[in-house]
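Asker: Contents are CSV, C-alpha atoms and all ligand atoms; file name query-v3.csv:
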chain,number,residue,atom,x,y,z
V,1,MET,CA,43.6,-32.9,-61.9
V,2,GLU,CA,46.8,-32.5,-64.0
V,3,PHE,CA,48.4,-35.9,-64.4
V,4,THR,CA,51.6,-34.7,-62.6
V,5,ASP,CA,49.4,-33.5,-59.7
V,6,VAL,CA,47.8,-36.9,-59.4
V,7,LEU,CA,51.2,-38.6,-59.2
V,8,LYS,CA,52.4,-36.1,-56.6
V,9,ASN,CA,49.2,-36.2,-54.6
V,10,ARG,CA,49.0,-39.9,-54.3
V,11,ARG,CA,50.4,-40.7,-50.9
V,12,SER,CA,49.5,-43.4,-48.4
V,13,ILE,CA,46.5,-42.4,-46.4
V,14,ARG,CA,46.2,-43.8,-42.9
V,15,ALA,CA,43.1,-42.0,-41.6
V,16,PHE,CA,39.8,-42.3,-43.5
V,17,SER,CA,36.5,-40.6,-42.9
V,18,ASP,CA,33.5,-42.9,-42.4
V,19,ARG,CA,31.9,-41.5,-45.6
V,20,ALA,CA,30.9,-44.3,-47.8
V,21,VAL,CA,32.3,-44.4,-51.3
V,22,GLU,CA,29.6,-44.2,-53.9
V,23,GLN,CA,29.3,-47.5,-55.8
V,24,GLU,CA,29.4,-45.8,-59.2
V,25,LEU,CA,32.6,-44.0,-58.3
V,26,LEU,CA,34.2,-47.3,-57.1
V,27,ASP,CA,33.1,-49.0,-60.3
V,28,GLU,CA,34.8,-46.2,-62.4
V,29,ILE,CA,38.0,-46.6,-60.4
V,30,LEU,CA,38.1,-50.4,-60.9
V,31,ALA,CA,37.3,-50.0,-64.6
V,32,GLU,CA,40.1,-47.4,-65.0
V,33,ALA,CA,42.5,-49.8,-63.2
V,34,LEU,CA,41.7,-52.4,-65.9
V,35,GLU,CA,43.2,-50.1,-68.5
V,36,SER,CA,46.6,-51.2,-67.2
V,37,PRO,CA,49.2,-53.1,-69.3
V,38,SER,CA,50.0,-56.7,-68.3
V,39,SER,CA,52.4,-59.3,-69.6
V,40,SER,CA,50.9,-60.7,-72.9
V,41,ASN,CA,47.7,-59.1,-71.7
V,42,THR,CA,47.2,-62.1,-69.4
V,43,GLN,CA,45.7,-59.9,-66.6
V,44,PRO,CA,46.5,-62.7,-64.1
V,45,TYR,CA,44.8,-61.0,-61.1
V,46,LYS,CA,41.6,-60.8,-59.2
V,47,LEU,CA,40.3,-58.4,-56.6
V,48,ALA,CA,37.9,-59.0,-53.7
V,49,VAL,CA,36.3,-55.7,-52.9
V,50,ALA,CA,34.7,-55.4,-49.5
V,51,THR,CA,32.4,-52.6,-48.7
V,52,GLY,CA,29.8,-51.9,-46.0
V,53,GLN,CA,29.2,-54.6,-43.5
V,54,GLU,CA,31.5,-57.0,-45.3
V,55,CYS,CA,34.3,-54.6,-44.9
V,56,LYS,CA,33.6,-54.2,-41.2
V,57,ASP,CA,33.2,-57.9,-40.6
V,58,ILE,CA,36.5,-58.8,-42.3
V,59,GLY,CA,38.2,-56.0,-40.5
V,60,GLN,CA,37.0,-57.3,-37.1
V,61,LYS,CA,38.1,-60.8,-37.9
V,62,LEU,CA,41.6,-59.7,-39.0
V,63,LEU,CA,41.9,-57.4,-36.0
V,64,PHE,CA,41.0,-60.3,-33.7
V,65,LYS,CA,43.7,-62.5,-35.3
V,66,TYR,CA,46.3,-59.7,-35.0
V,67,ASN,CA,45.5,-59.0,-31.3
V,68,ARG,CA,45.5,-62.7,-30.4
V,69,ALA,CA,48.7,-63.3,-32.3
V,70,ASN,CA,50.3,-60.3,-30.5
V,71,GLU,CA,49.3,-61.6,-27.1
V,72,ILE,CA,50.7,-65.0,-27.9
V,73,GLN,CA,53.9,-63.4,-29.0
V,74,LYS,CA,54.5,-62.1,-25.5
V,75,LYS,CA,54.2,-65.5,-23.9
V,76,PRO,CA,57.3,-67.5,-22.8
V,77,LEU,CA,58.7,-69.8,-25.4
V,78,PRO,CA,57.1,-73.2,-24.8
V,79,LEU,CA,53.7,-71.7,-24.2
V,80,LYS,CA,54.1,-69.5,-27.2
V,81,VAL,CA,54.5,-72.5,-29.5
V,82,VAL,CA,51.6,-74.4,-28.1
V,83,SER,CA,49.3,-71.4,-28.1
V,84,ALA,CA,50.3,-70.4,-31.7
V,85,VAL,CA,49.4,-73.9,-33.0
V,86,THR,CA,46.1,-74.2,-31.1
V,87,SER,CA,44.9,-70.6,-31.4
V,88,GLY,CA,43.9,-70.6,-35.1
V,89,VAL,CA,45.7,-67.3,-35.6
V,90,LEU,CA,48.9,-68.5,-37.2
V,91,PRO,CA,49.3,-66.6,-40.5
V,92,ASP,CA,47.4,-68.4,-43.2
V,93,GLY,CA,48.2,-66.1,-46.1
V,94,ASP,CA,49.8,-67.3,-49.3
V,95,TYR,CA,53.1,-65.5,-49.1
V,96,LYS,CA,55.2,-65.3,-46.0
V,97,PRO,CA,55.7,-61.7,-44.9
V,98,ILE,CA,59.2,-60.5,-44.3
V,99,MET,CA,59.2,-60.5,-40.5
V,100,GLY,CA,62.8,-59.9,-39.7
V,101,LYS,CA,65.3,-57.4,-41.0
V,102,TYR,CA,65.2,-56.3,-44.6
V,103,PRO,CA,68.6,-56.6,-46.3
V,104,GLY,CA,71.0,-53.7,-46.1
V,105,ILE,CA,69.9,-50.3,-47.3
V,106,PHE,CA,66.3,-51.5,-47.4
V,107,GLN,CA,66.3,-51.9,-43.6
V,108,GLU,CA,67.7,-48.4,-43.3
V,109,ARG,CA,64.9,-47.0,-45.5
V,110,ARG,CA,62.3,-49.0,-43.7
V,111,VAL,CA,63.4,-47.8,-40.3
V,112,GLN,CA,63.6,-44.2,-41.5
V,113,THR,CA,60.1,-44.3,-43.0
V,114,GLY,CA,58.7,-46.0,-39.9
V,115,MET,CA,60.4,-43.4,-37.6
V,116,GLY,CA,59.0,-40.6,-39.6
V,117,LEU,CA,55.5,-42.0,-39.5
V,118,TYR,CA,55.7,-42.5,-35.7
V,119,LYS,CA,57.0,-39.0,-35.3
V,120,VAL,CA,54.0,-37.6,-37.1
V,121,LEU,CA,51.7,-39.8,-35.0
V,122,GLY,CA,53.4,-38.6,-31.8
V,123,ILE,CA,54.5,-42.2,-31.0
V,124,GLU,CA,57.8,-42.5,-29.0
V,125,ARG,CA,60.4,-44.9,-30.3
V,126,HIS,CA,60.2,-47.3,-27.4
V,127,ASP,CA,56.4,-47.1,-26.9
V,128,LYS,CA,55.7,-50.6,-28.0
V,129,ALA,CA,52.1,-50.5,-27.0
V,130,ALA,CA,51.4,-47.4,-29.1
V,131,ARG,CA,53.3,-49.0,-32.0
V,132,ASP,CA,51.2,-52.2,-31.7
V,133,GLU,CA,48.1,-50.1,-31.7
V,134,GLN,CA,49.1,-48.3,-34.9
V,135,MET,CA,49.9,-51.7,-36.5
V,136,ALA,CA,46.5,-53.0,-35.4
V,137,ARG,CA,44.9,-50.1,-37.3
V,138,ASN,CA,46.1,-51.8,-40.5
V,139,PHE,CA,43.6,-54.6,-39.9
V,140,THR,CA,40.6,-52.3,-39.9
V,141,PHE,CA,42.0,-50.6,-42.9
V,142,PHE,CA,42.6,-47.3,-41.0
V,143,ASP,CA,38.7,-47.1,-40.9
V,144,ALA,CA,38.4,-47.0,-44.7
V,145,PRO,CA,35.0,-48.1,-45.9
V,146,VAL,CA,36.4,-50.1,-48.7
V,147,ALA,CA,39.0,-52.8,-48.4
V,148,ILE,CA,40.4,-54.4,-51.6
V,149,PHE,CA,42.2,-57.7,-51.4
V,150,ALA,CA,44.5,-58.5,-54.4
V,151,PHE,CA,45.2,-62.0,-55.7
V,152,ILE,CA,47.4,-63.3,-58.5
V,153,HIS,CA,47.6,-66.6,-60.4
V,154,PRO,CA,51.0,-68.0,-59.4
V,155,GLY,CA,51.2,-70.0,-62.7
V,156,MET,CA,52.3,-66.7,-64.2
V,157,THR,CA,55.3,-66.6,-61.7
V,158,TYR,CA,56.9,-63.2,-61.4
V,159,THR,CA,55.1,-61.4,-64.2
V,160,ALA,CA,51.9,-61.8,-62.2
V,161,LEU,CA,53.4,-59.8,-59.4
V,162,VAL,CA,54.6,-57.1,-61.8
V,163,ASP,CA,51.2,-57.0,-63.5
V,164,LEU,CA,49.3,-56.7,-60.2
V,165,GLY,CA,51.6,-53.9,-59.0
V,166,ILE,CA,51.0,-51.9,-62.1
V,167,MET,CA,47.2,-52.5,-61.9
V,168,LEU,CA,47.1,-51.5,-58.3
V,169,GLN,CA,49.1,-48.3,-59.0
V,170,SER,CA,46.5,-47.4,-61.7
V,171,LEU,CA,43.8,-48.0,-59.2
V,172,MET,CA,45.4,-45.8,-56.6
V,173,LEU,CA,46.1,-43.0,-59.1
V,174,SER,CA,42.5,-43.2,-60.4
V,175,ALA,CA,41.2,-43.0,-56.8
V,176,THR,CA,43.5,-40.0,-56.1
V,177,ASN,CA,42.2,-38.3,-59.3
V,178,LYS,CA,38.7,-38.6,-57.9
V,179,GLY,CA,39.5,-37.1,-54.5
V,180,LEU,CA,39.8,-40.4,-52.7
V,181,GLY,CA,42.7,-41.8,-50.7
V,182,THR,CA,44.4,-45.2,-50.7
V,183,CYS,CA,47.0,-47.2,-48.8
V,184,ALA,CA,48.6,-50.3,-50.2
V,185,GLN,CA,48.8,-52.8,-47.4
V,186,GLY,CA,51.1,-55.8,-47.3
V,187,ALA,CA,49.7,-56.4,-43.8
V,188,LEU,CA,46.5,-57.6,-45.4
V,189,GLY,CA,48.3,-60.6,-46.9
V,190,ILE,CA,49.0,-62.1,-43.5
V,191,TRP,CA,45.7,-63.9,-43.0
V,192,ARG,CA,43.5,-65.2,-45.8
V,193,SER,CA,40.8,-67.1,-44.0
V,194,PRO,CA,38.6,-64.1,-43.1
V,195,ILE,CA,38.5,-63.1,-46.8
V,196,ASP,CA,37.7,-66.7,-47.9
V,197,GLU,CA,34.8,-66.7,-45.4
V,198,HIS,CA,33.1,-63.8,-47.3
V,199,PHE,CA,34.3,-64.2,-50.9
V,200,ASP,CA,34.4,-67.2,-53.3
V,201,VAL,CA,38.1,-66.7,-54.2
V,202,PRO,CA,39.3,-69.4,-56.7
V,203,LYS,CA,41.6,-71.6,-54.7
V,204,ASP,CA,44.4,-71.4,-57.3
V,205,TYR,CA,44.7,-67.6,-56.8
V,206,LYS,CA,47.1,-66.4,-54.1
V,207,LEU,CA,46.5,-63.4,-51.9
V,208,VAL,CA,49.3,-60.8,-52.2
V,209,CYS,CA,48.2,-57.7,-50.4
V,210,GLY,CA,45.3,-55.3,-49.9
V,211,VAL,CA,44.4,-51.7,-50.5
V,212,ALA,CA,42.4,-49.5,-48.2
V,213,LEU,CA,40.3,-46.9,-50.1
V,214,GLY,CA,38.0,-44.1,-49.0
V,215,TYR,CA,37.8,-40.4,-48.4
V,216,PRO,CA,40.8,-39.1,-46.5
V,217,GLU,CA,40.3,-37.6,-43.0
V,218,ASP,CA,41.8,-34.2,-42.4
V,219,ALA,CA,44.5,-35.7,-40.2
V,220,GLU,CA,48.2,-34.9,-39.8
V,221,VAL,CA,49.2,-38.5,-40.6
V,222,ASN,CA,47.8,-38.1,-44.1
V,223,GLY,CA,50.3,-35.3,-44.7
V,224,TYR,CA,53.3,-37.6,-44.0
V,225,ARG,CA,55.6,-37.4,-47.0
V,226,PRO,CA,58.4,-40.0,-46.7
V,227,ASP,CA,61.5,-39.3,-48.7
V,228,LYS,CA,61.9,-40.8,-52.1
V,229,VAL,CA,65.4,-41.8,-53.3
V,230,SER,CA,67.2,-39.4,-55.6
V,231,LEU,CA,67.6,-39.9,-59.3
V,232,ASP,CA,71.3,-40.8,-58.6
V,233,ASP,CA,70.1,-43.6,-56.4
V,234,LEU,CA,67.6,-44.8,-59.0
V,235,LEU,CA,69.8,-44.8,-62.0
V,236,VAL,CA,72.5,-47.3,-62.6
V,237,PRO,CA,75.7,-45.5,-63.7
V,238,LEU,CA,77.4,-46.2,-67.0
V,239,LYS,CA,80.7,-48.1,-66.7
V,240,ALA,CA,83.7,-45.8,-66.4
K,1,LIG,C1,53.2,-53.5,-51.5
K,1,LIG,C2,53.1,-52.4,-50.5
K,1,LIG,C3,52.7,-52.8,-49.2
K,1,LIG,C4,52.5,-51.9,-48.2
K,1,LIG,N1,52.1,-52.3,-46.9
K,1,LIG,C5,51.8,-51.3,-46.0
K,1,LIG,C6,51.2,-51.7,-44.8
K,1,LIG,O1,51.0,-52.9,-44.5
K,1,LIG,N2,50.8,-50.8,-43.9
K,1,LIG,C7,51.0,-49.4,-44.2
K,1,LIG,O2,50.7,-48.6,-43.3
K,1,LIG,N3,51.6,-49.0,-45.3
K,1,LIG,C8,52.0,-49.9,-46.3
K,1,LIG,N4,52.5,-49.6,-47.5
K,1,LIG,C9,52.6,-48.1,-47.8
K,1,LIG,C10,54.1,-47.8,-47.8
K,1,LIG,O3,54.6,-47.7,-46.5
K,1,LIG,C11,54.3,-46.4,-48.5
K,1,LIG,O4,53.9,-46.6,-49.9
K,1,LIG,C12,55.7,-45.9,-48.4
K,1,LIG,O5,56.0,-45.5,-47.1
K,1,LIG,C13,55.8,-44.6,-49.3
K,1,LIG,O6,54.8,-43.6,-48.9
K,1,LIG,P1,53.8,-43.1,-49.9
K,1,LIG,O7,52.9,-44.2,-50.4
K,1,LIG,O8,53.0,-42.1,-49.1
K,1,LIG,O9,54.5,-42.5,-51.1
K,1,LIG,C14,52.7,-50.5,-48.5
K,1,LIG,C15,53.0,-50.1,-49.8
K,1,LIG,C16,53.2,-51.1,-50.8
K,1,LIG,C17,53.5,-50.6,-52.2
Represent the structure from my file as structure tokens, please.
Answerer:
Amino acid sequence: MEFTDVLKNRRSIRAFSDRAVEQELLDEILAEALESPSSSNTQPYKLAVATGQECKDIGQKLLFKYNRANEIQKKPLPLKVVSAVTSGVLPDGDYKPIMGKYPGIFQERRVQTGMGLYKVLGIERHDKAARDEQMARNFTFFDAPVAIFAFIHPGMTYTALVDLGIMLQSLMLSATNKGLGTCAQGALGIWRSPIDEHFDVPKDYKLVCGVALGYPEDAEVNGYRPDKVSLDDLLVPLKA
């Protein structure tokens, strides 16, 4: 693919076929991701790559936690607190997800993007059950056969997050170039314990997010193209 086409074709994929990703191909993508720049070449990240049964098992464990947490959420207040504490499904990720409103314009963009996605999926605005079900699909990686969990060393503070983001974008572009699809998933940072049950992640590394990877299904949701901001919005103007 032409490089520009790779950039333009990379879009979040939320419906994957069950076709397994060949190990050799996966290794090539990971090796290409390692070409990324990082602050002082520190490369302060690690990936846990779940395939096959590992991927399915972690997905089921995450889905169980999500469903249970969702049930608890619907309980009246005192019961909610007791159940949340005793259930073992309280978020045990390393970074707190932004649960409430995003600040200002970001909330507007978030809502617009979410609405657009639900529209493509045929989900009505007030259909909470259908929205919950779509959210739940995050935890089985939209049926992707590969789930990648991304960690950073927090000792490198903010540069580690920048470095990880760059590396993950390289990974996603490499995958796109090879005919695969990806979806970065902040949702995969909510619970860490299912990943620790399968991988020996060094305890001083923090879970940031995940990436689903696989062959895209021919589904309408994969054609969703949320708007990007204009160049005017991107660029800071010169002082008058
Ligand atoms: C750090 C990060 C976290 C994300 N988390 C999720 C997620 O949990 N679930 C999801 O469906 N999409 C998630 N996305 C995908 C974004 O919604 C998507 O990138 C955005 O809407 C722009 O669409 P595009 O990727 O198709 O260009 C995430 C993307 C990033 C970069």
Asker: Which one is closest to ligand LIG 1 (chain K): V:Leu213, V:Leu168, V:Ile148, V:Met1? Count only C-alpha atoms and all ligand atoms.
Answerer: V:Leu168
Asker: 9 Å from ligand LIG 1 (chain K) is the threshold here; counting only C-alpha atoms and all ligand atoms, which polymer residues fall inside it? Answer as a ChimeraX atom specification.
Answerer: /V:8-14,110,113-114,117,134-135,137-139,141-142,165,168-169,182-189,208-211,222-228
Asker: May I have the residues from that selection written out with C-alpha atoms, as a compact mmCIF listing (two decimals), in the frame of the given file?
Answerer:
# COMPACT_ATOMS: atom_id res chain seq x y z
CA LYS V 8 52.40 -36.10 -56.60
CA ASN V 9 49.20 -36.20 -54.60
CA ARG V 10 49.00 -39.90 -54.30
CA ARG V 11 50.40 -40.70 -50.90
CA SER V 12 49.50 -43.40 -48.40
CA ILE V 13 46.50 -42.40 -46.40
CA ARG V 14 46.20 -43.80 -42.90
CA ARG V 110 62.30 -49.00 -43.70
CA THR V 113 60.10 -44.30 -43.00
CA GLY V 114 58.70 -46.00 -39.90
CA LEU V 117 55.50 -42.00 -39.50
CA GLN V 134 49.10 -48.30 -34.90
CA MET V 135 49.90 -51.70 -36.50
CA ARG V 137 44.90 -50.10 -37.30
CA ASN V 138 46.10 -51.80 -40.50
CA PHE V 139 43.60 -54.60 -39.90
CA PHE V 141 42.00 -50.60 -42.90
CA PHE V 142 42.60 -47.30 -41.00
CA GLY V 165 51.60 -53.90 -59.00
CA LEU V 168 47.10 -51.50 -58.30
CA GLN V 169 49.10 -48.30 -59.00
CA THR V 182 44.40 -45.20 -50.70
CA CYS V 183 47.00 -47.20 -48.80
CA ALA V 184 48.60 -50.30 -50.20
CA GLN V 185 48.80 -52.80 -47.40
CA GLY V 186 51.10 -55.80 -47.30
CA ALA V 187 49.70 -56.40 -43.80
CA LEU V 188 46.50 -57.60 -45.40
CA GLY V 189 48.30 -60.60 -46.90
CA VAL V 208 49.30 -60.80 -52.20
CA CYS V 209 48.20 -57.70 -50.40
CA GLY V 210 45.30 -55.30 -49.90
CA VAL V 211 44.40 -51.70 -50.50
CA ASN V 222 47.80 -38.10 -44.10
CA GLY V 223 50.30 -35.30 -44.70
CA TYR V 224 53.30 -37.60 -44.00
CA ARG V 225 55.60 -37.40 -47.00
CA PRO V 226 58.40 -40.00 -46.70
CA ASP V 227 61.50 -39.30 -48.70
CA LYS V 228 61.90 -40.80 -52.10
Asker: Identify, on the basis of all atoms listed in the file, every residue whose closest approach to region 79-86 of chain V does not exceed 12 Å; exclude the query and any residue fewer than 4 positions from it along the same chain; express the result as number ranges by chain.
Answerer: V: 65-66, 68-75, 90-92
Asker: May I ask which of the residues V:Ile152, V:Leu173, V:Ala219, V:Ala31 is the closest one to Phe3 (chain V), counting all atoms listed in the file?
Answerer: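 Smallest distance to Phe3 (chain V) is found for V:Leu173.
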Asker: Between V:Tyr45, V:Trp191, V:Tyr215, V:Tyr118, which is the closest to Gly88 (chain V) once you count only C-alpha atoms?
Answerer: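 Checking each of V:Tyr45, V:Trp191, V:Tyr215, V:Tyr118 against Gly88 (chain V), counting only C-alpha atoms, the winner is V:Trp191.
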Asker: Expressed in Å to a single decimal, how great is the separation between CA of Lys56 (chain V) and CA of Val120 (chain V)?
Answerer: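 CA of Lys56 (chain V) sits 26.6 Å away from CA of Val120 (chain V).
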Asker: Report, in Å to a single decimal, how far apart CA of Leu26 (chain V) and CA of Asn41 (chain V) are.
Answerer: 23.1 Å
Asker: Mind giving me the straight-line distance from CA of Ser193 (chain V) to CA of Leu62 (chain V) in Å, one decimal?
Answerer: 9.0 Å
Asker: Out of V:Ala20, V:Ala15, V:Ile29, V:Ala240, which residue has the shortest atom-to-atom distance to Thr176 (chain V) when counting all atoms listed in the file?
Answerer: V:Ile29
Asker: Neighbours of Met156 (chain V) within 10 Å (all atoms listed in the file; same-chain residues fewer than 3 positions away dropped), as a PyMOL selection string?
Answerer: chain V and resi 39+42-45+152-153+159-161+163
